[in-house]
Every structure is written in C-alpha cells, then in structure tokens.
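*Asks:* Below: one structure in structure tokens.
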Amino acid sequence: MQILANGVLLGGLYALMALGLALVWGVLNIVNLAHGSFIMLGAYAGYYLFTKLGVDPFVALPISMVSLFCVGYLIQRNILNLIARAPMFNTLLITFGIDVVLTYLAQMIFSADFRTTNPVYAGDNFALAGITLPLVRVLACGIALALTVALWLFLSRSRLGRAIRATAQNLGAARLYGVEPRLIYALTFGLGAALAGAAGDLYGVVSQINPYIGATLTAKSFAIAIIGGLESPLGVVVGGMFLGIVESLTALYVGPTYVDVASFGILVLVLIFRPNGILGATA
C-alpha cells in the first residue's frame with residue numbers, strides 16, 4: 001500500500017508534466033520536443049524565486065506559470081506560426097532545435113550543477129491509515145490535480161476554451177465563426193508552456209534539477225500522453241497515475257534500474273493494443 005501511495009503521488013505530478021504536451025499536440029498537431037526544457041525552466045524559476053527572494057515554491061507557482069506562458073506565446077507567435085501548415089517532421093526538427101538552444105542557454109546561465117528547492121518543510125510527512133505520506137509530494141500531487149481540473153473546466157465552460165476545442169476539431173468551421181487560428185495557436189502553446197512551468201516548479205521541490213533533465217521529461221510526458229490518450233485531460237491523469245504506479249512497483253519488485261524499461265514497455269503495448277490510449281476511442 002505504501003508503494004501504491006507513492007505511485008499515485010508520483011503519477012499526479014507526471015500527469016501535470018504531460019498535460020501541456022498533450023494540449024499542444026491535440027490542438028496544434030505539434031509534438032513539442034522542447035516541452036521538457038519548458039519544465040526545466042519552470043523548475044529554475046521556482047528555485048531562484050525561493051533561494052534569491054525567499055518566495056515559497058508553492059506561492060511562486062503563478063509566477064512560474066506566467067513567465068513560461070510568455071516564453072511559449074512568443075515562441076509560437078514568432079517562430080512556430082511560420083510553419084503552422086508544414087509537415088510534422090519539420091515541426092519536430094524546429095522544436096528539437098529550440099530544445100537544444102534552451103538547454104545550452106540554461107547551462108551557460110545556471111551551470112550544470114544539480115540543485116533542489118528545499119523549503120523548511122521538505123522533510124515533513126504524516127501518517128494516514130498506516131501509510132507515510134511526504135508532505136511536499138501530497139501538496140504537489142494535489143496542486144497538479146487541481147490544475148488539471150481547472151484546465152478541463154476552462155476548455156469545456158469558457159468561450160476561449162470552446163474556441164480552442166473548435167480549432168482542434170474543425171479549423172474551417174471555427175474560422176467561419178470568427179476564430180483567429182494564429183491567435184488560438186499562440187494562446188494554446190503559451191498555455192501548454194504555463195502548465196510545463198507549473199510542473200517544473202513542483203518537480204524542483206521533489207527531485208534534483210539541472211539543465212539536461214528536459215529530454216527525459218519530454219520522453220516521459222510523451223509516453224503518458226500516448227498511454228492516457230489525447231482526447232481529454234482525464235485521460236492524461238489516468239496515464240500519469242498508471243505510469244507512476246507501474247514505476248513504483250517496478251522499482252520495488254524488479255529494481256530501480258528497470259523503471260524506464262517498464263515505462264516504455266507499457267508504451268509499446270498501448271501502441272499495439274490501444275493506439276488511441278487507455279481512455280481513447282476504440283478503432
């Protein structure tokens with residue numbers, strides 16, 4: 001039960017990590033290979049706000065999100081919009097290039113040292129039904145799930161959210177109703193980057209960070225998005241929870257060395273038997 005609890009807490013953070021990538025992929029049809037670098041930048045934003053200004057990492061969350069929203073909006077508006085109709089291979093190449101640039105800029109600015117955001121309560125935990133729960137992981141998981149619900153409500157209830165969904169489902173019809181695709185694309189990419197910034201801020205509290213974590217986090221987010229499906233935020237949450245539990249059980253019964261083998265083995269099985277994801281529509 002302890003291992004399952006750890007997996008659920010890890011899965012909540014995983015879900016938030018993948019949410020921004022799934023949103024951009026579903027609306028813009030772009031697999032953003034720079035997504036992990038956005039998470040990395042969000043982690044550094046939270047780290048420096050805490051170490052230099054004394055801002056609690058959970059209080060700093062909105063600042064990290066706004067900062068990464070601006071970065072994502074500008075990148076989409078000024079770079080990716082120029083190739084909005086290009087083949088997917090072209091977008092993969094350009095987002096890979098952006099990822100490399102952001103990684104090496106971060107290495108130049110922040111150095112390659114490992115860092116962790118350590119608030120005074122970082123080591124606190126509490127017991128629930130005989131299970132020990134680390135406080136920061138519970139807070140991170142709770143905020144991740146709250147942001148996921150907020151995104152679902154935004155997409156389903158707000159006018160802008162409906163415009164984003166309409167653009168994803170039928171671009172021609174959306175244009176007839178006055179939707180400006182370039183603006184929607186930039187706002188969506190910015191929103192995906194903001195979610196990555198939130199995930200990075202929380203990730204920095206529970207794990208070590210350095211400029212090179214982006215590639216691993218992009219791969220993990222990609223796997224979660226595929227496993228859960230791109231049709232709704234709920235699918236991403238299920239994918240994140242499922243992967244978190246699988247990794248926790250694998251670390252216990254097989255060994256921590258094989259965690260990534262289990263994760264991407266599950267990805268292969270899902271692509272074979274449920275290519276639209278666990279909650280996706282069947283073919």
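As shown in the structure tokens, the chain order sets the letters A, B, ...; within each chain, residues go from 1, and ligands are also counted from 1 in the order they appear.
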Can you pull out the residues contacting stretch 107-124 of chain A? Cut-off 10 Å, using only C-alpha atoms, and skip same-chain residues under 4 positions away; I want them as a short mmCIF file (atom, residue, chain, number, x, y, z; two decimals) with all heavy atoms, in the first residue's frame.

*Replies:*
```cif
data_model
loop_
_atom_site.label_atom_id
_atom_site.label_comp_id
_atom_site.auth_asym_id
_atom_site.auth_seq_id
_atom_site.Cartn_x
_atom_site.Cartn_y
_atom_site.Cartn_z
N ALA A 43 11.31 24.86 -13.35
CA ALA A 43 11.99 24.41 -12.14
C ALA A 43 13.01 25.43 -11.68
O ALA A 43 13.13 25.74 -10.48
CB ALA A 43 12.65 23.06 -12.39
N TYR A 44 13.76 26.00 -12.63
CA TYR A 44 14.74 27.02 -12.26
C TYR A 44 14.07 28.30 -11.79
O TYR A 44 14.59 28.99 -10.90
CB TYR A 44 15.68 27.29 -13.43
CG TYR A 44 16.85 26.35 -13.49
CD1 TYR A 44 16.92 25.36 -14.46
CD2 TYR A 44 17.88 26.44 -12.55
CE1 TYR A 44 17.99 24.48 -14.50
CE2 TYR A 44 18.95 25.56 -12.59
CZ TYR A 44 19.00 24.59 -13.56
OH TYR A 44 20.05 23.70 -13.58
N GLY A 46 11.24 28.51 -10.12
CA GLY A 46 10.86 28.25 -8.74
C GLY A 46 12.07 28.23 -7.81
O GLY A 46 12.01 28.76 -6.69
N TYR A 47 13.18 27.65 -8.29
CA TYR A 47 14.38 27.55 -7.46
C TYR A 47 14.94 28.93 -7.12
O TYR A 47 15.25 29.23 -5.96
CB TYR A 47 15.44 26.72 -8.20
CG TYR A 47 16.78 26.70 -7.52
CD1 TYR A 47 17.02 25.87 -6.43
CD2 TYR A 47 17.80 27.53 -7.95
CE1 TYR A 47 18.26 25.86 -5.79
CE2 TYR A 47 19.05 27.53 -7.32
CZ TYR A 47 19.26 26.69 -6.24
OH TYR A 47 20.47 26.70 -5.61
N TYR A 48 15.07 29.79 -8.12
CA TYR A 48 15.67 31.10 -7.87
C TYR A 48 14.72 32.05 -7.15
O TYR A 48 15.17 32.91 -6.37
CB TYR A 48 16.17 31.71 -9.18
CG TYR A 48 17.49 31.14 -9.60
CD1 TYR A 48 17.59 30.23 -10.64
CD2 TYR A 48 18.66 31.49 -8.93
CE1 TYR A 48 18.81 29.68 -11.02
CE2 TYR A 48 19.89 30.94 -9.29
CZ TYR A 48 19.95 30.04 -10.34
OH TYR A 48 21.17 29.49 -10.68
N LEU A 49 13.43 31.90 -7.37
CA LEU A 49 12.49 32.69 -6.58
C LEU A 49 12.59 32.33 -5.10
O LEU A 49 12.47 33.20 -4.23
CB LEU A 49 11.07 32.47 -7.09
CG LEU A 49 10.69 33.18 -8.40
CD1 LEU A 49 9.36 32.64 -8.92
CD2 LEU A 49 10.60 34.68 -8.19
N PHE A 50 12.85 31.05 -4.83
CA PHE A 50 12.97 30.61 -3.44
C PHE A 50 14.31 31.01 -2.84
O PHE A 50 14.38 31.55 -1.73
CB PHE A 50 12.79 29.09 -3.37
CG PHE A 50 13.02 28.52 -1.99
CD1 PHE A 50 12.11 28.76 -0.97
CD2 PHE A 50 14.15 27.77 -1.72
CE1 PHE A 50 12.32 28.24 0.31
CE2 PHE A 50 14.37 27.25 -0.45
CZ PHE A 50 13.46 27.49 0.57
N THR A 51 15.41 30.75 -3.56
CA THR A 51 16.74 30.97 -2.98
C THR A 51 17.14 32.44 -2.96
O THR A 51 17.85 32.88 -2.05
CB THR A 51 17.80 30.16 -3.75
OG1 THR A 51 17.75 30.51 -5.14
CG2 THR A 51 17.55 28.67 -3.58
N GLY A 54 13.29 34.37 -1.47
CA GLY A 54 12.61 33.77 -0.34
C GLY A 54 11.14 33.47 -0.56
O GLY A 54 10.37 33.33 0.39
N VAL A 55 10.73 33.34 -1.83
CA VAL A 55 9.33 33.05 -2.16
C VAL A 55 9.11 31.54 -2.07
O VAL A 55 9.82 30.77 -2.74
CB VAL A 55 8.96 33.56 -3.56
CG1 VAL A 55 7.49 33.26 -3.87
CG2 VAL A 55 9.24 35.05 -3.68
N ASP A 56 8.16 31.12 -1.27
CA ASP A 56 7.85 29.70 -1.15
C ASP A 56 7.54 29.12 -2.54
O ASP A 56 6.84 29.76 -3.34
CB ASP A 56 6.65 29.51 -0.22
CG ASP A 56 6.36 28.04 0.04
OD1 ASP A 56 5.63 27.44 -0.77
OD2 ASP A 56 6.85 27.50 1.04
N PRO A 57 8.06 27.92 -2.86
CA PRO A 57 7.85 27.36 -4.21
C PRO A 57 6.39 27.18 -4.58
O PRO A 57 6.03 27.31 -5.76
CB PRO A 57 8.59 26.02 -4.16
CG PRO A 57 8.82 25.74 -2.71
CD PRO A 57 8.92 27.06 -2.04
N PHE A 58 5.53 26.91 -3.60
CA PHE A 58 4.12 26.75 -3.93
C PHE A 58 3.45 28.12 -4.16
O PHE A 58 2.54 28.25 -4.97
CB PHE A 58 3.40 25.98 -2.84
CG PHE A 58 3.84 24.54 -2.74
CD1 PHE A 58 4.78 24.14 -1.80
CD2 PHE A 58 3.35 23.60 -3.62
CE1 PHE A 58 5.21 22.82 -1.73
CE2 PHE A 58 3.77 22.28 -3.57
CZ PHE A 58 4.70 21.89 -2.61
N VAL A 101 18.70 24.79 -28.00
CA VAL A 101 19.07 26.17 -27.67
C VAL A 101 18.75 26.48 -26.21
O VAL A 101 19.59 27.03 -25.47
CB VAL A 101 18.34 27.15 -28.60
CG1 VAL A 101 18.50 28.59 -28.09
CG2 VAL A 101 18.86 27.04 -30.02
N LEU A 102 17.55 26.11 -25.76
CA LEU A 102 17.16 26.39 -24.37
C LEU A 102 18.04 25.63 -23.38
O LEU A 102 18.42 26.17 -22.33
CB LEU A 102 15.69 26.02 -24.16
CG LEU A 102 14.65 26.89 -24.87
CD1 LEU A 102 13.24 26.35 -24.61
CD2 LEU A 102 14.75 28.34 -24.43
N THR A 103 18.40 24.39 -23.73
CA THR A 103 19.24 23.58 -22.84
C THR A 103 20.61 24.22 -22.65
O THR A 103 21.10 24.37 -21.51
CB THR A 103 19.39 22.16 -23.38
OG1 THR A 103 18.10 21.53 -23.44
CG2 THR A 103 20.32 21.33 -22.50
N LEU A 133 3.07 9.55 4.24
CA LEU A 133 2.94 10.39 3.05
C LEU A 133 3.82 11.63 3.20
O LEU A 133 3.63 12.41 4.13
CB LEU A 133 1.48 10.82 2.86
CG LEU A 133 0.47 9.68 2.70
CD1 LEU A 133 -0.95 10.25 2.66
CD2 LEU A 133 0.75 8.89 1.44
N PRO A 134 4.79 11.84 2.30
CA PRO A 134 5.61 13.06 2.35
C PRO A 134 4.74 14.28 2.03
O PRO A 134 3.99 14.29 1.04
CB PRO A 134 6.66 12.83 1.25
CG PRO A 134 6.62 11.36 0.97
CD PRO A 134 5.23 10.92 1.24
N LEU A 135 4.87 15.31 2.86
CA LEU A 135 4.01 16.49 2.72
C LEU A 135 4.16 17.16 1.36
O LEU A 135 3.17 17.50 0.71
CB LEU A 135 4.33 17.49 3.83
CG LEU A 135 3.53 18.82 3.79
CD1 LEU A 135 2.05 18.56 3.91
CD2 LEU A 135 4.02 19.76 4.88
N VAL A 136 5.41 17.35 0.90
CA VAL A 136 5.61 18.07 -0.36
C VAL A 136 5.05 17.29 -1.55
O VAL A 136 4.53 17.88 -2.50
CB VAL A 136 7.10 18.40 -0.59
CG1 VAL A 136 7.59 19.43 0.41
CG2 VAL A 136 7.97 17.15 -0.55
N ARG A 137 5.13 15.97 -1.50
CA ARG A 137 4.57 15.17 -2.60
C ARG A 137 3.05 15.21 -2.60
O ARG A 137 2.42 15.24 -3.67
CB ARG A 137 5.07 13.73 -2.51
CG ARG A 137 6.53 13.57 -2.89
CD ARG A 137 6.94 12.11 -2.97
NE ARG A 137 8.32 11.97 -3.42
CZ ARG A 137 8.68 11.87 -4.69
NH1 ARG A 137 7.77 11.89 -5.64
NH2 ARG A 137 9.95 11.74 -5.02
N ASP A 201 8.11 23.81 -11.51
CA ASP A 201 8.18 24.37 -10.15
C ASP A 201 7.99 23.28 -9.11
O ASP A 201 8.73 23.18 -8.13
CB ASP A 201 7.12 25.46 -10.01
CG ASP A 201 7.24 26.22 -8.70
OD1 ASP A 201 7.14 25.60 -7.63
OD2 ASP A 201 7.41 27.45 -8.74
N LEU A 202 6.98 22.42 -9.32
CA LEU A 202 6.71 21.33 -8.38
C LEU A 202 7.79 20.25 -8.46
O LEU A 202 8.18 19.67 -7.44
CB LEU A 202 5.34 20.72 -8.67
CG LEU A 202 4.14 21.67 -8.53
CD1 LEU A 202 2.85 20.97 -8.93
CD2 LEU A 202 4.04 22.22 -7.11
N TYR A 203 8.28 19.98 -9.66
CA TYR A 203 9.32 18.96 -9.83
C TYR A 203 10.60 19.34 -9.07
O TYR A 203 11.27 18.48 -8.49
CB TYR A 203 9.63 18.79 -11.32
CG TYR A 203 10.60 17.69 -11.64
CD1 TYR A 203 10.17 16.37 -11.76
CD2 TYR A 203 11.95 17.96 -11.82
CE1 TYR A 203 11.07 15.35 -12.06
CE2 TYR A 203 12.85 16.95 -12.12
CZ TYR A 203 12.41 15.65 -12.24
OH TYR A 203 13.30 14.64 -12.53
N GLY A 204 10.93 20.63 -9.05
CA GLY A 204 12.11 21.09 -8.35
C GLY A 204 12.05 20.88 -6.86
O GLY A 204 13.09 20.84 -6.18
N VAL A 205 10.84 20.74 -6.31
CA VAL A 205 10.68 20.51 -4.87
C VAL A 205 10.89 19.04 -4.52
O VAL A 205 11.38 18.72 -3.44
CB VAL A 205 9.28 20.97 -4.41
CG1 VAL A 205 9.09 20.74 -2.91
CG2 VAL A 205 9.08 22.45 -4.72
N VAL A 206 10.55 18.14 -5.43
CA VAL A 206 10.59 16.71 -5.12
C VAL A 206 11.77 15.98 -5.76
O VAL A 206 11.98 14.80 -5.48
CB VAL A 206 9.28 16.02 -5.56
CG1 VAL A 206 8.08 16.68 -4.89
CG2 VAL A 206 9.11 16.06 -7.08
N SER A 207 12.55 16.66 -6.59
CA SER A 207 13.65 15.99 -7.27
C SER A 207 14.75 16.99 -7.59
O SER A 207 14.55 18.20 -7.54
CB SER A 207 13.15 15.32 -8.55
OG SER A 207 14.18 14.59 -9.18
N GLN A 208 15.91 16.48 -7.96
CA GLN A 208 17.02 17.34 -8.36
C GLN A 208 16.83 17.82 -9.79
O GLN A 208 16.25 17.13 -10.63
CB GLN A 208 18.35 16.57 -8.25
CG GLN A 208 18.78 16.28 -6.82
CD GLN A 208 20.14 15.61 -6.77
OE1 GLN A 208 20.45 14.77 -7.60
NE2 GLN A 208 20.94 15.99 -5.80
N ILE A 209 17.35 19.01 -10.07
CA ILE A 209 17.24 19.58 -11.42
C ILE A 209 18.62 19.99 -11.92
O ILE A 209 19.51 20.31 -11.14
CB ILE A 209 16.28 20.79 -11.45
CG1 ILE A 209 16.82 21.93 -10.55
CG2 ILE A 209 14.88 20.40 -11.03
CD1 ILE A 209 16.05 23.24 -10.70
N ASN A 210 18.77 19.95 -13.23
CA ASN A 210 19.91 20.56 -13.92
C ASN A 210 19.46 20.85 -15.35
O ASN A 210 18.35 20.47 -15.74
CB ASN A 210 21.15 19.66 -13.84
CG ASN A 210 21.09 18.47 -14.78
OD1 ASN A 210 20.08 18.19 -15.41
ND2 ASN A 210 22.19 17.75 -14.88
N PRO A 211 20.26 21.53 -16.16
CA PRO A 211 19.77 21.93 -17.49
C PRO A 211 19.47 20.77 -18.44
O PRO A 211 18.85 20.99 -19.49
CB PRO A 211 20.93 22.79 -18.03
CG PRO A 211 21.61 23.32 -16.83
CD PRO A 211 21.54 22.20 -15.83
N TYR A 212 19.90 19.55 -18.09
CA TYR A 212 19.78 18.43 -19.02
C TYR A 212 18.64 17.47 -18.70
O TYR A 212 18.56 16.39 -19.30
CB TYR A 212 21.11 17.67 -19.08
CG TYR A 212 22.25 18.55 -19.54
CD1 TYR A 212 23.15 19.07 -18.62
CD2 TYR A 212 22.39 18.90 -20.87
CE1 TYR A 212 24.18 19.90 -19.04
CE2 TYR A 212 23.42 19.72 -21.30
CZ TYR A 212 24.31 20.22 -20.37
OH TYR A 212 25.33 21.05 -20.79
#
```

*Asks:* Do a neighbour search on A:Ala198 at 8 Å with only C-alpha atoms, toss out local chain neighbours closer than 2 positions, and write the hits as a list in words.

*Replies:*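 After dropping sequence-adjacent residues, the list is Leu16, Ile39, Gly42, Leu61, Pro62, Ser64, Met65, Ala194, Leu195, Ala196, Gly200, Asp201 and Leu202 of chain A.
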
*Asks:* Those same residues - N, CA, C and O atoms - I'd like them written as a PDB file, in the first residue's frame.

*Replies:*
```pdb
ATOM      1  N   LEU A  16       0.533  16.277 -14.671  1.00  0.00           N
ATOM      2  CA  LEU A  16       0.706  17.703 -14.947  1.00  0.00           C
ATOM      3  C   LEU A  16       1.834  17.926 -15.940  1.00  0.00           C
ATOM      4  O   LEU A  16       1.736  18.795 -16.821  1.00  0.00           O
ATOM      5  N   ILE A  39       9.671  22.629 -18.826  1.00  0.00           N
ATOM      6  CA  ILE A  39       9.581  22.140 -17.449  1.00  0.00           C
ATOM      7  C   ILE A  39      10.850  22.505 -16.684  1.00  0.00           C
ATOM      8  O   ILE A  39      10.803  22.951 -15.529  1.00  0.00           O
ATOM      9  N   GLY A  42      10.810  26.140 -15.772  1.00  0.00           N
ATOM     10  CA  GLY A  42       9.896  26.352 -14.653  1.00  0.00           C
ATOM     11  C   GLY A  42      10.517  25.942 -13.332  1.00  0.00           C
ATOM     12  O   GLY A  42      10.321  26.606 -12.301  1.00  0.00           O
ATOM     13  N   LEU A  61       4.304  29.449  -7.716  1.00  0.00           N
ATOM     14  CA  LEU A  61       3.728  28.723  -8.850  1.00  0.00           C
ATOM     15  C   LEU A  61       3.111  29.644  -9.909  1.00  0.00           C
ATOM     16  O   LEU A  61       3.400  29.499 -11.099  1.00  0.00           O
ATOM     17  N   PRO A  62       2.261  30.624  -9.535  1.00  0.00           N
ATOM     18  CA  PRO A  62       1.690  31.508 -10.565  1.00  0.00           C
ATOM     19  C   PRO A  62       2.750  32.301 -11.318  1.00  0.00           C
ATOM     20  O   PRO A  62       2.599  32.552 -12.524  1.00  0.00           O
ATOM     21  N   SER A  64       5.871  31.334 -11.983  1.00  0.00           N
ATOM     22  CA  SER A  64       6.483  30.410 -12.938  1.00  0.00           C
ATOM     23  C   SER A  64       5.576  30.186 -14.138  1.00  0.00           C
ATOM     24  O   SER A  64       6.036  30.149 -15.289  1.00  0.00           O
ATOM     25  N   MET A  65       4.271  30.058 -13.885  1.00  0.00           N
ATOM     26  CA  MET A  65       3.329  29.806 -14.968  1.00  0.00           C
ATOM     27  C   MET A  65       3.240  31.005 -15.917  1.00  0.00           C
ATOM     28  O   MET A  65       3.270  30.847 -17.145  1.00  0.00           O
ATOM     29  N   ALA A 194       2.810  27.193 -19.865  1.00  0.00           N
ATOM     30  CA  ALA A 194       2.487  27.568 -18.483  1.00  0.00           C
ATOM     31  C   ALA A 194       2.287  26.330 -17.616  1.00  0.00           C
ATOM     32  O   ALA A 194       2.758  26.274 -16.468  1.00  0.00           O
ATOM     33  N   LEU A 195       1.608  25.316 -18.144  1.00  0.00           N
ATOM     34  CA  LEU A 195       1.431  24.069 -17.405  1.00  0.00           C
ATOM     35  C   LEU A 195       2.783  23.381 -17.189  1.00  0.00           C
ATOM     36  O   LEU A 195       3.026  22.804 -16.119  1.00  0.00           O
ATOM     37  N   ALA A 196       3.660  23.454 -18.194  1.00  0.00           N
ATOM     38  CA  ALA A 196       5.008  22.903 -18.026  1.00  0.00           C
ATOM     39  C   ALA A 196       5.762  23.667 -16.940  1.00  0.00           C
ATOM     40  O   ALA A 196       6.501  23.069 -16.149  1.00  0.00           O
ATOM     41  N   GLY A 200       7.326  22.114 -13.617  1.00  0.00           N
ATOM     42  CA  GLY A 200       8.728  22.290 -13.281  1.00  0.00           C
ATOM     43  C   GLY A 200       8.925  22.836 -11.883  1.00  0.00           C
ATOM     44  O   GLY A 200       9.808  22.387 -11.143  1.00  0.00           O
ATOM     45  N   ASP A 201       8.111  23.813 -11.506  1.00  0.00           N
ATOM     46  CA  ASP A 201       8.183  24.372 -10.154  1.00  0.00           C
ATOM     47  C   ASP A 201       7.987  23.277  -9.107  1.00  0.00           C
ATOM     48  O   ASP A 201       8.735  23.182  -8.128  1.00  0.00           O
ATOM     49  N   LEU A 202       6.983  22.420  -9.324  1.00  0.00           N
ATOM     50  CA  LEU A 202       6.715  21.328  -8.378  1.00  0.00           C
ATOM     51  C   LEU A 202       7.789  20.249  -8.462  1.00  0.00           C
ATOM     52  O   LEU A 202       8.177  19.670  -7.444  1.00  0.00           O
TER      53      LEU A 202
END
```

*Asks:* Using only C-alpha atoms, pick whichever of A:Gly255, A:Gly178, A:Gly142, A:Gly190 has the shortest atom-to-atom distance to A:Gly12.

*Replies:*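 Checking each candidate against A:Gly12, we get A:Gly142 as the closest.
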
*Asks:* Quick one: residues within 8 Å of A:Leu92, only C-alpha atoms counted, chain neighbours fewer than 4 positions away excluded, as an mmCIF file with N, CA, C and O atoms, in the first residue's frame?

*Replies:*
```
data_model
loop_
_atom_site.group_PDB
_atom_site.id
_atom_site.type_symbol
_atom_site.label_atom_id
_atom_site.label_comp_id
_atom_site.auth_asym_id
_atom_site.auth_seq_id
_atom_site.Cartn_x
_atom_site.Cartn_y
_atom_site.Cartn_z
ATOM 1 N N ILE A 30 1.328 19.403 -33.043
ATOM 2 C CA ILE A 30 2.772 19.553 -32.913
ATOM 3 C C ILE A 30 3.233 18.740 -31.712
ATOM 4 O O ILE A 30 2.734 18.936 -30.600
ATOM 5 N N VAL A 31 4.160 17.809 -31.928
ATOM 6 C CA VAL A 31 4.796 17.104 -30.823
ATOM 7 C C VAL A 31 5.966 17.975 -30.383
ATOM 8 O O VAL A 31 7.013 18.007 -31.032
ATOM 9 N N ASN A 32 5.784 18.693 -29.292
ATOM 10 C CA ASN A 32 6.738 19.707 -28.871
ATOM 11 C C ASN A 32 7.926 19.061 -28.142
ATOM 12 O O ASN A 32 7.846 18.749 -26.960
ATOM 13 N N LEU A 33 9.035 18.895 -28.861
ATOM 14 C CA LEU A 33 10.218 18.281 -28.262
ATOM 15 C C LEU A 33 10.929 19.221 -27.294
ATOM 16 O O LEU A 33 11.857 18.792 -26.599
ATOM 17 N N MET A 88 4.678 17.378 -40.155
ATOM 18 C CA MET A 88 5.039 17.181 -38.751
ATOM 19 C C MET A 88 6.543 17.019 -38.575
ATOM 20 O O MET A 88 7.100 17.456 -37.555
ATOM 21 N N PHE A 96 12.935 20.504 -31.777
ATOM 22 C CA PHE A 96 14.191 19.912 -31.294
ATOM 23 C C PHE A 96 15.280 20.976 -31.232
ATOM 24 O O PHE A 96 16.057 21.043 -30.265
#
```

*Asks:* Which residue out of A:Leu269, A:Leu155, A:Ala146, A:Ile131 has the minimum interatomic distance to A:Ala5 when only C-alpha atoms are used?

*Replies:* A:Ile131

*Asks:* As an MDAnalysis selection string, please: all residues of stretch 3-177 of chain A that backbone DSSP puts in alpha helix (DSSP H).

*Replies:* chainID A and resid 3:28 35:53 61:78 88:110 135:157 159:169 171:176

*Asks:* Need the shell around A:Val236: protein/DNA/RNA residues with any atom at most 12 Å away, counting only C-alpha atoms. Skip same-chain ones fewer than 3 positions apart. Format as a PyMOL selection string?

*Replies:* chain A and resi 11-23+26+144-145+148-149+151-152+220-233+239-243+276-280

*Asks:* Which one of A:Leu252, A:Val268, A:Ala45, A:Ile164 sits closest to A:Phe189 if you count only C-alpha atoms?

*Replies:* A:Ile164

*Asks:* By how many Å are atom CA of A:Ser37 and atom CA of A:Asp99 apart?

*Replies:*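 We find that atom CA of A:Ser37 and atom CA of A:Asp99 lie 6.0 Å from each other.
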
*Asks:* For atom CA of A:Phe69 and atom CA of A:Gly192, quote the distance in Å rounded to one decimal.

*Replies:*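 Separation of atom CA of A:Phe69 and atom CA of A:Gly192: 7.6 Å.
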